[in-house]
Amino acid sequence: MADRCLQHLLRDHQEAERIVADIESLVEAQKLGRAWDAARRESFAQVVRFYEEVVLGHIQKEEKVLFPALEGFLPHDMGPLAVLRGEHREIGSLFRRLCEVGGMLALGRGDAPLVEEFERVARSTIQMTRDHIYKEDRVLFPMVARFLSIERDEYLLGEMEALATSKEPAPQKVR
């Protein structure tokens, strides 16, 4: 079966589901009024690392490798690829804001508007991420798997792995 490159991307999605659960735990702790203790700060730090190491890398794998390969049979400026690219931008924006707001909370700032924004941005991040993963896992990837030759699949996987191990800095890191 020619879907090793898709399995590679699906593993990123599985990691994303775990981190989304961590974000949900942070929101629940916030709603209960729990302080940002060392364990909570570490959990949040894992979310930030995940964003920088996995989300940005995953988006690059799709934007620089998979999507260009699909443009041979799908339009790039409308339809599923345009929608998914737009969602990539939105997910990146949401994660960046989540990291910024959570960072302020982790440093001890806890005024009501900031707490409310954290919950709002976290819930938006969770929903957008889950919706996006669903579209790719249930719609795009099965469609792509039908059209990938073994040779093309191996080539795309090699490109994704090379991109993942390159020393090129990922864009939009939070510092």
# chains A, B, ... in the order shown; residues from 1 in each chain; ligands from 1

$ residues_around --residues "A:Phe147" --least-positions-apart "3" --cutoff "10 Å" --atoms "only C-alpha atoms" --output "list in words"
Ala2, Asp3, Leu70, Phe73, Pro142, Met143, Val144, Ile150, Arg152 and Asp153 of chain A

$ residues_around --residues "A:His88" --least-positions-apart "4" --cutoff "12 Å" --atoms "only C-alpha atoms" --output "tab-separated table (two decimals) with N, CA and C atoms, in the first residue's frame"
chain	number	residue	atom	x	y	z
A	55	VAL	N	3.80	21.12	15.38
A	55	VAL	CA	2.80	21.82	14.57
A	55	VAL	C	3.47	22.55	13.40
A	56	LEU	N	4.48	23.34	13.68
A	56	LEU	CA	5.14	24.09	12.61
A	56	LEU	C	5.79	23.14	11.60
A	57	GLY	N	6.40	22.09	12.07
A	57	GLY	CA	7.02	21.11	11.17
A	57	GLY	C	5.99	20.38	10.34
A	58	HIS	N	4.89	20.01	10.95
A	58	HIS	CA	3.82	19.31	10.24
A	58	HIS	C	3.25	20.19	9.13
A	59	ILE	N	3.01	21.43	9.45
A	59	ILE	CA	2.47	22.36	8.45
A	59	ILE	C	3.46	22.49	7.30
A	60	GLN	N	4.75	22.57	7.59
A	60	GLN	CA	5.74	22.66	6.52
A	60	GLN	C	5.73	21.41	5.65
A	61	LYS	N	5.60	20.23	6.26
A	61	LYS	CA	5.56	18.99	5.48
A	61	LYS	C	4.39	19.01	4.50
A	62	GLU	N	3.26	19.50	4.97
A	62	GLU	CA	2.11	19.54	4.07
A	62	GLU	C	2.23	20.65	3.04
A	63	GLU	N	2.64	21.84	3.49
A	63	GLU	CA	2.70	23.00	2.59
A	63	GLU	C	3.81	22.88	1.55
A	81	LEU	N	-7.41	22.22	-0.91
A	81	LEU	CA	-6.07	22.71	-0.58
A	81	LEU	C	-6.11	24.15	-0.10
A	82	ALA	N	-6.92	24.97	-0.71
A	82	ALA	CA	-7.05	26.37	-0.26
A	82	ALA	C	-7.64	26.42	1.14
A	83	VAL	N	-8.65	25.59	1.41
A	83	VAL	CA	-9.27	25.55	2.74
A	83	VAL	C	-8.25	25.10	3.78
A	84	LEU	N	-7.52	24.03	3.49
A	84	LEU	CA	-6.56	23.51	4.45
A	84	LEU	C	-5.41	24.48	4.69
A	92	GLY	N	-1.94	28.22	13.22
A	92	GLY	CA	-0.69	28.87	13.64
A	92	GLY	C	-0.96	30.12	14.45
A	93	SER	N	-1.90	30.92	13.99
A	93	SER	CA	-2.25	32.15	14.70
A	93	SER	C	-2.82	31.85	16.08
A	94	LEU	N	-3.69	30.86	16.15
A	94	LEU	CA	-4.29	30.49	17.45
A	94	LEU	C	-3.22	29.96	18.41
A	95	PHE	N	-2.36	29.08	17.93
A	95	PHE	CA	-1.31	28.54	18.80
A	95	PHE	C	-0.38	29.65	19.28
A	125	THR	N	-8.48	26.95	19.65
A	125	THR	CA	-7.35	26.14	19.19
A	125	THR	C	-7.73	24.67	19.16
A	128	MET	N	-10.44	24.08	16.29
A	128	MET	CA	-9.86	24.22	14.95
A	128	MET	C	-8.92	23.06	14.65
A	129	THR	N	-8.10	22.69	15.63
A	129	THR	CA	-7.15	21.59	15.43
A	129	THR	C	-7.89	20.29	15.18
A	131	ASP	N	-11.01	19.84	14.11
A	131	ASP	CA	-11.73	19.90	12.82
A	131	ASP	C	-10.77	19.68	11.65
A	132	HIS	N	-9.62	20.31	11.73
A	132	HIS	CA	-8.62	20.20	10.66
A	132	HIS	C	-8.12	18.76	10.54
A	133	ILE	N	-7.80	18.16	11.66
A	133	ILE	CA	-7.33	16.77	11.66
A	133	ILE	C	-8.40	15.85	11.07
A	136	GLU	N	-8.45	16.14	7.26
A	136	GLU	CA	-7.32	15.49	6.61
A	136	GLU	C	-7.39	13.98	6.76

$ select_by_dssp --residues "stretch 11-172 of chain A" --states "helix (DSSP H, G or I)" --output "ChimeraX atom specification"
/A:11-31,38-70,80-106,112-147,150-165

$ closest_residue --among "A:Glu28, A:Glu119, A:Glu87, A:Glu15" --to "A:Tyr51" --atoms "only C-alpha atoms"
A:Glu15

$ residues_around --residues "A:Ala112" --least-positions-apart "5" --cutoff "12 Å" --atoms "only C-alpha atoms" --output "ChimeraX atom specification"
/A:30-31,33,105,117-119

$ write_last_selection --atoms "C-alpha atoms" --output "CSV table (one decimal), in the first residue's frame"
chain,number,residue,atom,x,y,z
A,30,GLN,CA,-8.1,27.5,34.9
A,31,LYS,CA,-11.8,27.3,35.3
A,33,GLY,CA,-9.2,28.7,39.7
A,105,LEU,CA,-0.5,33.5,33.0
A,117,GLU,CA,-8.9,35.2,26.7
A,118,PHE,CA,-6.8,32.1,27.6
A,119,GLU,CA,-10.0,30.0,27.8

$ residues_around --residues "A:Ile19" --least-positions-apart "6" --cutoff "12 Å" --atoms "only C-alpha atoms" --output "list in words"
Asp12, His13, Ser25, Leu26, Ser43, Phe44, Ala45, Gln46, Val47, Val48, Arg49, Phe50, Tyr51, Val54, Val55, Phe95, Ala122, Thr125, Ile126, Thr129 and Arg130 of chain A
